[in-house]
file work-v2.txt (compact mmCIF, C-alpha atoms and all ligand atoms)
# COMPACT_ATOMS: atom_id res chain seq x y z
CA MET A 1 53.25 12.51 17.39
CA PRO A 2 51.00 15.39 16.30
CA LEU A 3 50.11 13.90 12.92
CA ARG A 4 49.01 10.65 14.50
CA GLY A 5 46.94 12.54 17.02
CA TRP A 6 45.23 14.56 14.32
CA ARG A 7 44.56 11.51 12.22
CA TRP A 8 43.08 9.65 15.15
CA THR A 9 40.85 12.59 16.05
CA ALA A 10 39.74 13.08 12.43
CA LEU A 11 39.02 9.38 12.07
CA GLY A 12 36.82 9.54 15.14
CA LEU A 13 34.86 12.46 13.76
CA LEU A 14 34.69 11.59 10.07
CA GLY A 15 35.25 7.83 9.83
CA LYS A 16 32.42 6.01 8.12
CA HIS A 17 33.19 2.84 10.02
CA GLY A 18 31.76 3.75 13.36
CA GLY A 19 33.95 6.79 14.07
CA ASN A 20 33.94 7.80 17.71
CA ALA A 21 31.73 4.88 18.65
CA ALA A 22 34.42 2.49 17.36
CA ARG A 23 37.05 4.27 19.45
CA ARG A 24 34.90 3.88 22.56
CA ARG A 25 34.33 0.20 21.78
CA LEU A 26 38.04 -0.30 21.31
CA ALA A 27 38.71 1.14 24.76
CA GLU A 28 36.16 -1.32 26.21
CA LEU A 29 37.63 -4.26 24.29
CA GLU A 30 41.16 -3.38 25.38
CA ARG A 31 40.03 -3.77 28.98
CA SER A 32 37.66 -6.72 28.69
CA GLN A 33 40.15 -9.00 26.90
CA TRP A 34 42.06 -9.34 30.21
CA LEU A 35 39.06 -10.63 32.16
CA ASP A 36 39.74 -14.11 33.45
CA PRO A 37 38.09 -16.86 31.37
CA GLY A 38 35.37 -17.43 33.99
CA ALA A 39 34.34 -13.78 34.10
CA MET A 40 34.47 -13.59 30.29
CA GLU A 41 32.21 -16.63 29.97
CA GLU A 42 29.74 -15.14 32.43
CA TYR A 43 29.70 -11.84 30.54
CA CYS A 44 29.12 -13.66 27.23
CA ARG A 45 26.33 -15.85 28.61
CA THR A 46 24.56 -12.71 29.80
CA GLN A 47 24.88 -11.25 26.29
CA VAL A 48 23.55 -14.47 24.71
CA ALA A 49 20.53 -14.39 27.03
CA ARG A 50 19.93 -10.73 26.22
CA GLN A 51 20.13 -11.41 22.48
CA LEU A 52 17.75 -14.40 22.70
CA SER A 53 15.25 -12.44 24.73
CA PHE A 54 15.43 -9.67 22.13
CA ALA A 55 14.94 -12.14 19.26
CA ALA A 56 12.00 -13.84 20.98
CA ARG A 57 10.25 -10.51 21.41
CA LEU A 58 11.09 -8.66 18.23
CA VAL A 59 12.27 -10.90 15.39
CA PRO A 60 9.44 -12.62 13.46
CA PHE A 61 11.66 -15.42 12.10
CA TYR A 62 12.52 -16.68 15.59
CA GLN A 63 9.07 -15.96 17.05
CA ARG A 64 7.47 -18.11 14.36
CA ARG A 65 9.92 -20.97 14.80
CA TYR A 66 10.57 -20.99 18.51
CA GLY A 67 7.74 -19.02 20.12
CA GLU A 68 8.63 -17.52 23.45
CA THR A 69 11.61 -19.74 24.19
CA GLU A 70 14.79 -18.03 25.30
CA SER A 71 16.89 -21.16 25.49
CA LEU A 72 19.71 -21.42 22.95
CA SER A 73 19.54 -25.22 22.95
CA ASP A 74 16.10 -24.98 21.28
CA TYR A 75 17.56 -23.22 18.25
CA ARG A 76 18.43 -25.19 15.14
CA PRO A 77 21.41 -24.09 13.03
CA LEU A 78 20.55 -21.17 10.77
CA THR A 79 21.68 -21.85 7.21
CA ARG A 80 22.58 -19.60 4.29
CA LEU A 81 19.35 -20.70 2.67
CA ASP A 82 17.40 -19.54 5.78
CA LEU A 83 19.16 -16.21 5.51
CA GLN A 84 18.26 -15.87 1.83
CA SER A 85 14.65 -16.97 2.13
CA GLY A 86 13.99 -15.39 5.53
CA PHE A 87 15.75 -12.08 4.93
CA GLN A 88 12.70 -9.92 5.74
CA GLU A 89 11.62 -11.97 8.75
CA LEU A 90 15.07 -11.92 10.31
CA GLN A 91 15.03 -8.15 10.62
CA SER A 92 14.07 -6.45 13.86
CA PRO A 93 12.27 -3.09 14.06
CA LEU A 94 15.61 -1.57 15.05
CA ALA A 95 16.94 -2.07 11.51
CA GLN A 96 14.81 0.75 10.20
CA GLN A 97 15.24 2.98 13.24
CA ARG A 98 19.00 2.70 13.02
CA GLY A 99 19.18 3.09 9.26
CA ALA A 100 20.80 -0.32 8.78
CA TRP A 101 22.34 -1.03 5.40
CA LYS A 102 22.63 -4.15 3.31
CA LEU A 103 25.91 -5.96 2.92
CA SER A 104 26.14 -8.67 0.26
CA SER A 105 28.81 -11.35 0.14
CA SER A 106 31.08 -11.99 -2.79
CA GLY A 107 29.74 -15.48 -3.34
CA SER A 108 33.04 -17.20 -2.62
CA SER A 109 31.12 -19.72 -0.54
CA GLY A 110 29.05 -20.59 -3.59
CA GLN A 111 26.02 -18.57 -2.48
CA VAL A 112 25.58 -14.82 -2.25
CA VAL A 113 24.13 -13.86 1.11
CA THR A 114 22.99 -10.46 2.33
CA VAL A 115 22.97 -9.29 5.92
CA LEU A 116 22.04 -6.02 7.59
CA ARG A 117 24.53 -3.95 9.49
CA ASP A 118 23.95 -0.79 11.53
CA ARG A 119 26.38 1.78 12.94
CA GLN A 120 26.45 0.15 16.37
CA THR A 121 27.34 -3.25 14.92
CA GLN A 122 29.88 -1.65 12.60
CA ALA A 123 31.55 0.14 15.53
CA TRP A 124 32.08 -3.22 17.25
CA ALA A 125 33.39 -4.78 14.03
CA THR A 126 35.88 -1.96 13.44
CA ALA A 127 37.03 -2.05 17.06
CA CYS A 128 37.58 -5.84 16.91
CA THR A 129 39.69 -5.45 13.75
CA TRP A 130 41.74 -2.67 15.36
CA ARG A 131 42.29 -4.68 18.52
CA GLY A 132 43.30 -7.91 16.84
CA ASP A 133 45.47 -6.31 14.16
CA CYS A 134 47.65 -4.86 16.95
CA TRP A 135 48.24 -8.16 18.74
CA GLY A 136 51.78 -9.41 18.58
CA ALA A 137 53.55 -6.31 17.24
CA PRO A 138 54.34 -2.80 18.48
CA ILE A 139 51.70 -1.10 16.35
CA LEU A 140 48.61 1.04 16.86
CA PRO A 141 45.21 0.98 15.12
CA GLU A 142 46.24 4.04 13.13
CA SER A 143 49.57 2.50 12.03
CA ARG A 144 50.09 2.47 8.29
CA GLN A 145 48.79 -0.67 6.64
CA LEU A 146 49.38 -1.72 3.07
CA SER A 147 47.39 -4.44 1.33
CA LEU A 148 48.52 -6.40 -1.69
CA LEU A 149 45.48 -7.16 -3.80
CA SER A 150 45.08 -9.63 -6.60
CA ASN A 151 41.68 -8.93 -7.99
CA VAL A 152 40.49 -6.12 -10.23
CA GLY A 153 37.16 -5.75 -8.38
CA ASN A 154 38.91 -5.43 -5.03
CA ILE A 155 41.43 -2.95 -6.35
CA VAL A 156 38.78 -0.75 -7.95
CA GLY A 157 36.56 -1.03 -4.84
CA SER A 158 39.40 -0.22 -2.45
CA ARG A 159 40.57 2.72 -4.52
CA ARG A 160 37.03 4.06 -4.54
CA ALA A 161 36.72 3.57 -0.77
CA LEU A 162 40.17 5.00 -0.22
CA SER A 163 39.93 8.49 -1.66
CA PRO A 164 42.97 10.68 -0.95
CA LEU A 165 41.24 11.81 2.25
CA GLY A 166 40.27 8.24 3.12
CA THR A 167 43.82 7.04 2.47
CA TRP A 168 45.17 9.65 4.85
CA LEU A 169 42.38 9.16 7.36
CA HIS A 170 42.68 5.40 7.57
CA ASN A 171 46.39 5.31 6.74
CA ARG A 172 45.62 2.42 4.40
CA TYR A 173 47.23 1.82 1.03
CA VAL A 174 46.59 -0.82 -1.58
CA LEU A 175 48.86 -2.08 -4.33
CA ASP A 176 47.94 -4.16 -7.33
CA ALA A 177 49.74 -7.49 -7.07
CA MET A 178 48.26 -9.29 -10.03
CA ARG A 179 50.38 -11.25 -12.52
CA LEU A 180 53.51 -11.58 -10.46
CA THR A 181 56.81 -11.75 -12.34
CA PRO A 182 60.29 -11.18 -10.86
CA GLN A 183 60.24 -7.64 -12.30
CA ARG A 184 56.79 -6.93 -10.84
CA VAL A 185 57.81 -8.28 -7.42
CA LYS A 186 60.91 -6.07 -7.47
CA GLU A 187 58.74 -3.02 -8.22
CA LEU A 188 56.25 -3.97 -5.50
CA LEU A 189 58.98 -4.33 -2.88
CA GLU A 190 60.44 -0.95 -3.88
CA ARG A 191 57.04 0.69 -3.63
CA ILE A 192 56.42 -0.89 -0.21
CA ALA A 193 59.78 0.41 0.97
CA GLU A 194 58.81 3.93 -0.20
CA LEU A 195 55.43 3.90 1.53
CA ARG A 196 56.95 2.49 4.76
CA PRO A 197 53.89 0.65 6.08
CA GLN A 198 54.12 -0.99 9.49
CA VAL A 199 51.67 -3.73 8.56
CA LEU A 200 51.51 -5.67 5.31
CA SER A 201 48.31 -7.60 4.65
CA GLY A 202 47.04 -9.68 1.79
CA TYR A 203 45.76 -13.04 0.72
CA PRO A 204 48.28 -15.83 1.32
CA SER A 205 47.96 -16.66 -2.38
CA VAL A 206 49.57 -13.27 -3.08
CA LEU A 207 51.99 -12.95 -0.15
CA LEU A 208 53.49 -16.40 -0.68
CA PRO A 209 54.40 -16.04 -4.37
CA VAL A 210 55.86 -12.60 -3.60
CA ALA A 211 58.03 -14.12 -0.85
CA ARG A 212 59.01 -17.11 -3.01
CA ILE A 213 59.90 -15.10 -6.10
CA ALA A 214 61.77 -12.51 -4.03
CA SER A 215 63.73 -15.18 -2.13
CA SER A 216 64.71 -17.05 -5.26
CA HIS A 217 65.98 -13.81 -6.85
CA GLY A 218 67.87 -12.60 -3.79
CA MET A 219 65.56 -9.63 -3.14
CA LEU A 220 65.30 -8.31 0.40
CA ALA A 221 62.09 -7.88 2.38
CA PRO A 222 60.96 -4.33 3.24
CA VAL A 223 61.10 -3.15 6.86
CA LEU A 224 57.77 -4.01 8.55
CA GLN A 225 56.38 -4.72 12.02
CA LYS A 226 53.81 -7.37 11.17
CA VAL A 227 52.33 -9.37 8.29
CA ILE A 228 48.63 -10.27 8.36
CA PRO A 229 47.47 -12.96 5.93
CA THR A 230 43.74 -12.52 5.43
CA ALA A 231 40.67 -14.17 3.91
CA GLU A 232 42.21 -17.45 2.75
CA SER A 233 43.49 -20.12 5.09
CA CYS A 234 47.24 -20.03 5.66
CA SER A 235 48.82 -23.18 7.09
CA PRO A 236 51.43 -23.04 9.88
CA GLU A 237 54.08 -24.05 7.32
CA GLU A 238 53.09 -21.20 5.02
CA ALA A 239 53.06 -18.72 7.91
CA ALA A 240 56.57 -19.90 8.85
CA GLU A 241 57.67 -19.38 5.25
CA LEU A 242 56.33 -15.81 5.29
CA GLU A 243 57.97 -15.17 8.65
CA GLN A 244 61.28 -16.38 7.30
CA PHE A 245 61.17 -13.98 4.39
CA PHE A 246 59.62 -10.90 6.02
CA ARG A 247 61.44 -11.43 9.35
CA VAL A 248 58.47 -10.12 11.40
CA PRO A 249 55.58 -11.85 13.22
CA VAL A 250 52.98 -13.28 10.85
CA ARG A 251 49.59 -13.42 12.56
CA GLN A 252 46.33 -14.18 10.82
CA ARG A 253 42.91 -12.62 10.96
CA TYR A 254 39.72 -14.64 10.57
CA GLY A 255 36.45 -13.07 9.60
CA SER A 256 33.37 -13.56 7.54
CA HIS A 257 31.08 -11.42 5.54
CA GLU A 258 28.25 -12.03 8.02
CA PHE A 259 30.19 -11.19 11.18
CA SER A 260 33.27 -9.17 10.05
CA ALA A 261 36.35 -9.73 12.26
CA MET A 262 35.72 -12.85 14.30
CA ALA A 263 39.15 -13.94 15.51
CA HIS A 264 42.82 -13.04 15.37
CA GLN A 265 46.01 -14.86 16.30
CA CYS A 266 47.68 -13.42 19.39
CA GLU A 267 51.41 -12.97 19.99
CA ALA A 268 51.57 -16.58 21.23
CA GLY A 269 50.23 -17.69 17.84
CA ARG A 270 46.90 -18.90 19.23
CA TRP A 271 43.57 -18.06 17.68
CA HIS A 272 41.27 -16.00 19.92
CA TRP A 273 37.64 -15.21 19.28
CA HIS A 274 36.46 -11.67 19.76
CA SER A 275 34.30 -13.20 22.47
CA GLU A 276 32.56 -9.96 23.40
CA VAL A 277 30.79 -9.93 20.03
CA ILE A 278 30.50 -13.56 19.00
CA TRP A 279 29.40 -16.80 20.66
CA PRO A 280 30.91 -19.77 18.82
CA GLU A 281 29.70 -23.38 18.93
CA VAL A 282 30.24 -26.39 16.68
CA VAL A 283 28.03 -29.07 15.17
CA ARG A 284 30.11 -32.17 15.74
CA GLN A 285 30.23 -35.22 13.46
CA ASP A 286 27.66 -37.01 15.65
CA GLY A 287 25.26 -34.09 15.20
CA SER A 288 25.52 -32.75 18.75
CA ILE A 289 26.12 -29.03 19.28
CA GLY A 290 28.63 -27.80 21.84
CA GLN A 291 31.32 -25.35 22.79
CA SER A 292 34.21 -27.75 22.50
CA GLY A 293 35.63 -30.15 19.95
CA ARG A 294 35.80 -30.18 16.19
CA GLY A 295 32.91 -29.47 13.91
CA SER A 296 31.10 -27.08 11.62
CA LEU A 297 31.17 -23.60 13.16
CA LEU A 298 27.95 -21.97 14.39
CA CYS A 299 28.08 -18.32 15.42
CA THR A 300 25.67 -16.20 17.41
CA SER A 301 26.17 -12.46 17.16
CA LEU A 302 26.06 -10.73 20.53
CA VAL A 303 25.90 -7.24 19.09
CA ASN A 304 23.85 -7.17 15.87
CA GLN A 305 20.31 -6.25 16.82
CA SER A 306 19.16 -5.10 13.40
CA MET A 307 19.45 -8.66 12.14
CA PRO A 308 20.31 -11.03 14.98
CA LEU A 309 21.97 -14.17 13.63
CA ILE A 310 21.61 -17.04 16.06
CA ARG A 311 23.53 -20.28 15.57
CA TYR A 312 24.38 -19.27 12.03
CA GLU A 313 26.36 -21.94 10.16
CA ILE A 314 29.39 -20.23 8.67
CA GLY A 315 30.61 -23.17 6.61
CA ASP A 316 34.08 -23.54 8.20
CA VAL A 317 35.31 -26.43 10.32
CA VAL A 318 37.06 -25.44 13.57
CA ASP A 319 38.44 -27.17 16.62
CA LEU A 320 37.22 -25.24 19.68
CA ASP A 321 39.47 -25.56 22.66
CA SER A 322 39.38 -24.01 26.10
CA ALA A 323 43.02 -24.31 27.21
CA ALA A 324 44.40 -21.11 28.74
CA CYS A 325 46.77 -19.07 26.58
CA SER A 326 50.15 -17.79 27.72
CA CYS A 327 49.20 -14.28 26.51
CA GLY A 328 46.81 -14.05 29.47
CA ARG A 329 43.68 -13.08 27.55
CA GLY A 330 40.40 -14.52 28.76
CA LEU A 331 38.98 -14.73 25.24
CA GLY A 332 37.81 -18.08 23.88
CA SER A 333 40.09 -19.85 21.44
CA PHE A 334 40.36 -22.51 18.80
CA SER A 335 43.30 -24.54 17.65
CA SER A 336 42.67 -24.96 13.96
CA ILE A 337 40.47 -23.87 11.13
CA GLU A 338 39.92 -25.85 7.98
CA GLY A 339 38.34 -23.29 5.77
CA ARG A 340 35.04 -23.73 4.08
CA THR A 341 33.55 -27.14 4.66
CA GLN A 342 33.43 -27.69 0.94
CA GLU A 343 37.25 -27.66 0.91
CA HIS A 344 37.14 -31.43 0.92
CA VAL A 345 37.58 -34.21 -1.53
CA TYR A 346 34.73 -36.74 -1.54
CA CYS A 347 35.89 -40.32 -1.94
CA PRO A 348 33.86 -42.90 -3.89
CA ASP A 349 33.30 -44.82 -0.62
CA GLY A 350 31.50 -41.82 0.95
CA SER A 351 34.37 -40.61 3.12
CA TRP A 352 35.79 -37.06 2.99
CA ILE A 353 39.45 -36.07 2.91
CA SER A 354 40.41 -32.52 3.86
CA SER A 355 42.02 -30.78 0.89
CA HIS A 356 44.81 -29.80 3.31
CA ALA A 357 46.03 -33.41 3.23
CA PHE A 358 46.62 -33.10 -0.53
CA LEU A 359 47.90 -29.54 -0.58
CA ALA A 360 50.30 -29.60 2.38
CA PRO A 361 52.90 -31.98 0.82
CA LEU A 362 53.18 -29.72 -2.26
CA ARG A 363 54.85 -27.04 -0.15
CA SER A 364 58.08 -28.99 -0.31
CA LEU A 365 58.15 -28.41 -4.10
CA PRO A 366 59.25 -25.12 -5.72
CA LEU A 367 55.70 -24.23 -6.81
CA LEU A 368 54.18 -20.76 -6.71
CA GLN A 369 50.55 -21.76 -6.41
CA PHE A 370 48.35 -24.82 -6.71
CA GLN A 371 44.71 -25.76 -6.80
CA LEU A 372 42.94 -29.07 -6.41
CA VAL A 373 39.77 -29.68 -8.42
CA GLN A 374 37.29 -32.52 -8.16
CA GLU A 375 34.77 -32.76 -10.98
CA MET A 376 34.29 -36.50 -11.10
CA PRO A 377 33.84 -39.09 -8.34
CA ASP A 378 37.06 -40.91 -9.22
CA GLU A 379 39.35 -38.24 -10.66
CA LEU A 380 41.28 -35.31 -9.22
CA LEU A 381 42.83 -32.47 -11.16
CA LEU A 382 45.81 -30.65 -9.74
CA ARG A 383 46.63 -27.29 -11.31
CA VAL A 384 50.04 -25.86 -10.56
CA VAL A 385 51.79 -22.55 -11.25
CA ALA A 386 55.59 -22.77 -11.24
CA GLN A 387 58.48 -20.58 -12.30
CA GLY A 388 59.78 -23.19 -14.75
CA PRO A 389 58.37 -26.38 -16.26
CA LEU A 390 57.40 -29.09 -13.78
CA GLU A 391 59.98 -31.89 -13.94
CA PRO A 392 58.81 -35.47 -14.60
CA ARG A 393 60.30 -36.68 -11.31
CA GLN A 394 58.31 -34.01 -9.45
CA ALA A 395 55.11 -35.12 -11.16
CA GLU A 396 55.90 -38.73 -10.26
CA TRP A 397 56.52 -37.73 -6.65
CA ILE A 398 53.12 -36.01 -6.51
CA GLN A 399 51.40 -39.07 -8.02
CA GLU A 400 53.01 -41.37 -5.46
CA THR A 401 52.35 -39.06 -2.49
CA TYR A 402 48.70 -38.69 -3.49
CA ARG A 403 48.28 -42.46 -3.89
CA GLN A 404 49.38 -42.84 -0.28
CA ILE A 405 46.75 -40.31 0.81
CA HIS A 406 43.75 -41.59 -1.14
CA GLY A 407 44.72 -45.25 -1.27
CA GLY A 408 44.11 -45.62 -5.00
CA ALA A 409 40.61 -44.10 -4.98
CA PHE A 410 41.42 -41.53 -7.66
CA ARG A 411 43.18 -40.96 -10.96
CA LEU A 412 45.23 -37.78 -10.80
CA ARG A 413 45.76 -35.34 -13.66
CA ILE A 414 48.41 -32.66 -13.22
CA GLU A 415 48.12 -29.51 -15.30
CA GLN A 416 50.61 -26.66 -15.38
CA THR A 417 49.06 -23.24 -15.96
CA ASP A 418 49.67 -19.49 -15.50
CA GLU A 419 46.46 -18.51 -13.79
CA LEU A 420 44.25 -20.30 -11.30
CA GLU A 421 40.53 -20.00 -10.73
CA ARG A 422 39.51 -17.39 -8.14
CA SER A 423 36.29 -16.48 -6.39
CA PRO A 424 34.44 -13.32 -7.48
CA SER A 425 36.23 -11.48 -4.64
CA GLY A 426 39.62 -12.63 -5.87
CA LYS A 427 40.28 -15.33 -3.28
CA LEU A 428 42.33 -18.17 -4.64
CA LEU A 429 40.24 -21.30 -4.39
CA ARG A 430 42.55 -23.97 -2.96
CA CYS A 431 40.09 -26.75 -3.56
CA ILE A 432 37.18 -26.61 -5.94
CA ASN A 433 34.68 -29.38 -5.59
CA ARG A 434 32.01 -29.43 -8.25
CA LEU A 435 30.33 -32.54 -6.88
CA LYS A 436 27.24 -32.18 -4.75
CA ARG A 437 28.27 -31.99 -1.11
CA PRO A 438 27.14 -35.05 0.83
CA GLU A 439 24.79 -34.08 3.66
CA LEU A 440 26.23 -33.39 7.10
CA PRO A 441 24.65 -35.58 9.78
CA SER A 442 21.42 -33.92 10.98
CA SER A 443 21.86 -31.80 14.09
CA SER A 444 20.31 -32.60 17.44
CA ASN A 445 19.43 -29.91 19.93
CA SER A 446 21.77 -30.95 22.69
CA THR A 447 24.16 -28.40 24.06
CA THR A 448 27.15 -29.07 26.24
ZN ZN A 501 46.77 -15.74 23.40

call {"tool": "encode", "arguments": {"input": "work-v2.txt", "output": "structure tokens"}}
result
Amino acid sequence: MPLRGWRWTALGLLGKHGGNAARRRLAELERSQWLDPGAMEEYCRTQVARQLSFAARLVPFYQRRYGETESLSDYRPLTRLDLQSGFQELQSPLAQQRGAWKLSSSGSSGQVVTVLRDRQTQAWATACTWRGDCWGAPILPESRQLSLLSNVGNIVGSRRALSPLGTWLHNRYVLDAMRLTPQRVKELLERIAELRPQVLSGYPSVLLPVARIASSHGMLAPVLQKVIPTAESCSPEEAAELEQFFRVPVRQRYGSHEFSAMAHQCEAGRWHWHSEVIWPEVVRQDGSIGQSGRGSLLCTSLVNQSMPLIRYEIGDVVDLDSAACSCGRGLGSFSSIEGRTQEHVYCPDGSWISSHAFLAPLRSLPLLQFQLVQEMPDELLLRVVAQGPLEPRQAEWIQETYRQIHGGAFRLRIEQTDELERSPSGKLLRCINRLKRPELPSSSNSTT
């Protein structure tokens, strides 16, 4: 269609997010994703070696710590604190040459971190987002996408970024989805129907209440091709609930402030890394570092040369797995992600329980949103948002279910409210733990 063609051409020429370079990267990524896993691994290992050699020669932080070594197994995990305190030393001379810019996080992880990004890195990031967003639905990178936002800062920021030209250029629209009531949901669905987006994206903490309120009031879903829950973790049960209401594939995107788009779910529902740009490893419970199994995620950027992050600890727990996927892509994969490692409840006996264990059973209740808070070693607070008052038998059911999970380690307070605590970027915090996080076991240098 001519309009699409014009938009695509204009985006290439004018787009601030890598423009033509991003389009070229996308073409490369479209091809490379079909490499067989062996060839993909070989390609990635070459990129890791190249990045390490670059860091050993040109990045003071790594030179000072590791000298001339170009072996990844010598590198210790890089923490947020390292990034904050070593910001200057982590830069390479290319940062200045390429006019790299600073990008600061929202602080949803509890700490604000700043990284450098240049146009080359940005082109890869944009191309990865375009590629993954198109998996599993008949859409194109320039297809119209509408985001439901729940935070004033995000809405103001997006509107500023999306000027009328930007809106047309990127074909991206945002709608304010704060304070959801049946009337507001009705208006939102009508507006979505008018704008006719092919993709609807948003935080699960916004998409789910919209779907729940709409379902319970007999409202129909707009015509879409795909729904992309972003930023917050969305369980398989929640994704199924969204799929039931919107009647289109629901596939998630996983990214971070430091690395942008890192993984997407394919049409088969499996998570794939954007392996051409990121080398994932985990620190397992026993402290060993490897490319398989469950543990705290470490990422090495294969494309950022202004500020190369090597074995950077993201703060999420993933289960890396190498089984082939029926979609045929040779990209690495993982089977689950548990969100920020602080999304845990710490038991008085020193053990941790994933907040998912406490939050998953609540999905069988007619609640709109919920949030688990731990402020004391032996007490949990559960905040819930519901359409009507919580019934005593529901509260009793929660108490009993939780007792089975924690074995009597906690008192539980249940509080019904209208608004839950969010991060500065507007993410709903599923689990807030105000206790000091017990230390992870110290990492060894072994690599498997
Ligand atoms: Zn797949």

call {"tool": "residues_near_ligand", "arguments": {"input": "work-v2.txt", "ligand": "ligand ZN 501 (chain A)", "cutoff": "6 Å", "atoms": "all atoms listed in the file", "output": "PyMOL selection string"}}
result
chain A and resi 266+268+270+325-327+329

call {"tool": "closest_residue", "arguments": {"input": "work-v2.txt", "among": "A:Pro204, A:Pro93, A:Pro249, A:Pro308", "to": "Glu267 of chain A", "atoms": "all atoms listed in the file"}}
result
A:Pro249

call {"tool": "closest_atom_pairs", "arguments": {"input": "work-v2.txt", "of": "segment 248-311 of chain A", "to": "segment 72-78 of chain A", "cutoff": "10 Å", "atoms": "all atoms listed in the file", "output": "JSON lines"}}
result
{"residue": "A:Val282", "atom": "CA", "partner": "A:Pro77", "partner_atom": "CA", "distance": 9.8}
{"residue": "A:Val283", "atom": "CA", "partner": "A:Pro77", "partner_atom": "CA", "distance": 8.6}
{"residue": "A:Ile289", "atom": "CA", "partner": "A:Ser73", "partner_atom": "CA", "distance": 8.4}
{"residue": "A:Gly290", "atom": "CA", "partner": "A:Ser73", "partner_atom": "CA", "distance": 9.5}
{"residue": "A:Leu297", "atom": "CA", "partner": "A:Pro77", "partner_atom": "CA", "distance": 9.8}
{"residue": "A:Leu298", "atom": "CA", "partner": "A:Pro77", "partner_atom": "CA", "distance": 7.0}
{"residue": "A:Cys299", "atom": "CA", "partner": "A:Pro77", "partner_atom": "CA", "distance": 9.1}
{"residue": "A:Thr300", "atom": "CA", "partner": "A:Leu72", "partner_atom": "CA", "distance": 9.7}
{"residue": "A:Leu309", "atom": "CA", "partner": "A:Leu78", "partner_atom": "CA", "distance": 7.7}
{"residue": "A:Ile310", "atom": "CA", "partner": "A:Leu78", "partner_atom": "CA", "distance": 6.8}
{"residue": "A:Arg311", "atom": "CA", "partner": "A:Pro77", "partner_atom": "CA", "distance": 5.0}

call {"tool": "write_last_selection", "arguments": {"input": "work-v2.txt", "atoms": "C-alpha atoms", "output": "PDB file, in the coordinates of the input"}}
result
ATOM      1  CA  VAL A 282      30.240 -26.390  16.680  1.00  0.00           C
ATOM      2  CA  VAL A 283      28.030 -29.070  15.170  1.00  0.00           C
ATOM      3  CA  ILE A 289      26.120 -29.030  19.280  1.00  0.00           C
ATOM      4  CA  GLY A 290      28.630 -27.800  21.840  1.00  0.00           C
ATOM      5  CA  LEU A 297      31.170 -23.600  13.160  1.00  0.00           C
ATOM      6  CA  LEU A 298      27.950 -21.970  14.390  1.00  0.00           C
ATOM      7  CA  CYS A 299      28.080 -18.320  15.420  1.00  0.00           C
ATOM      8  CA  THR A 300      25.670 -16.200  17.410  1.00  0.00           C
ATOM      9  CA  LEU A 309      21.970 -14.170  13.630  1.00  0.00           C
ATOM     10  CA  ILE A 310      21.610 -17.040  16.060  1.00  0.00           C
ATOM     11  CA  ARG A 311      23.530 -20.280  15.570  1.00  0.00           C
TER      12      ARG A 311
END

call {"tool": "atom_distance", "arguments": {"input": "work-v2.txt", "atom1": "atom CA of Pro280 of chain A", "atom2": "atom CA of Glu237 of chain A"}}
result
26.2 Å

call {"tool": "residues_near_point", "arguments": {"input": "work-v2.txt", "point": "(10.6, -16.9, 16.0)", "cutoff": "12 Å", "atoms": "only C-alpha atoms", "output": "compact mmCIF listing (two decimals) with C-alpha atoms, in the coordinates of the input"}}
result
# COMPACT_ATOMS: atom_id res chain seq x y z
CA LEU A 52 17.75 -14.40 22.70
CA SER A 53 15.25 -12.44 24.73
CA PHE A 54 15.43 -9.67 22.13
CA ALA A 55 14.94 -12.14 19.26
CA ALA A 56 12.00 -13.84 20.98
CA ARG A 57 10.25 -10.51 21.41
CA LEU A 58 11.09 -8.66 18.23
CA VAL A 59 12.27 -10.90 15.39
CA PRO A 60 9.44 -12.62 13.46
CA PHE A 61 11.66 -15.42 12.10
CA TYR A 62 12.52 -16.68 15.59
CA GLN A 63 9.07 -15.96 17.05
CA ARG A 64 7.47 -18.11 14.36
CA ARG A 65 9.92 -20.97 14.80
CA TYR A 66 10.57 -20.99 18.51
CA GLY A 67 7.74 -19.02 20.12
CA GLU A 68 8.63 -17.52 23.45
CA THR A 69 11.61 -19.74 24.19
CA GLU A 70 14.79 -18.03 25.30
CA ASP A 74 16.10 -24.98 21.28
CA TYR A 75 17.56 -23.22 18.25
CA ARG A 76 18.43 -25.19 15.14
CA GLY A 86 13.99 -15.39 5.53
CA GLU A 89 11.62 -11.97 8.75
CA LEU A 90 15.07 -11.92 10.31
CA GLN A 91 15.03 -8.15 10.62
CA SER A 92 14.07 -6.45 13.86
CA PRO A 308 20.31 -11.03 14.98
CA LEU A 309 21.97 -14.17 13.63
CA ILE A 310 21.61 -17.04 16.06

call {"tool": "atom_distance", "arguments": {"input": "work-v2.txt", "atom1": "atom CA of Arg383 of chain A", "atom2": "atom CA of Ala395 of chain A"}}
result
11.5 Å

call {"tool": "atom_distance", "arguments": {"input": "work-v2.txt", "atom1": "atom CA of Glu396 of chain A", "atom2": "atom CA of His217 of chain A"}}
result
27.1 Å

call {"tool": "residues_around", "arguments": {"input": "work-v2.txt", "residues": "His264 of chain A", "least_positions_apart": "3", "cutoff": "7 Å", "atoms": "all atoms listed in the file", "output": "short mmCIF file (atom, residue, chain, number, x, y, z; two decimals) with C-alpha atoms, in the frame of the given file"}}
result
data_model
loop_
_atom_site.label_atom_id
_atom_site.label_comp_id
_atom_site.auth_asym_id
_atom_site.auth_seq_id
_atom_site.Cartn_x
_atom_site.Cartn_y
_atom_site.Cartn_z
CA GLY A 132 43.30 -7.91 16.84
CA GLN A 252 46.33 -14.18 10.82
CA ARG A 253 42.91 -12.62 10.96
CA TYR A 254 39.72 -14.64 10.57
CA TRP A 271 43.57 -18.06 17.68
CA HIS A 272 41.27 -16.00 19.92
CA TRP A 273 37.64 -15.21 19.28
#
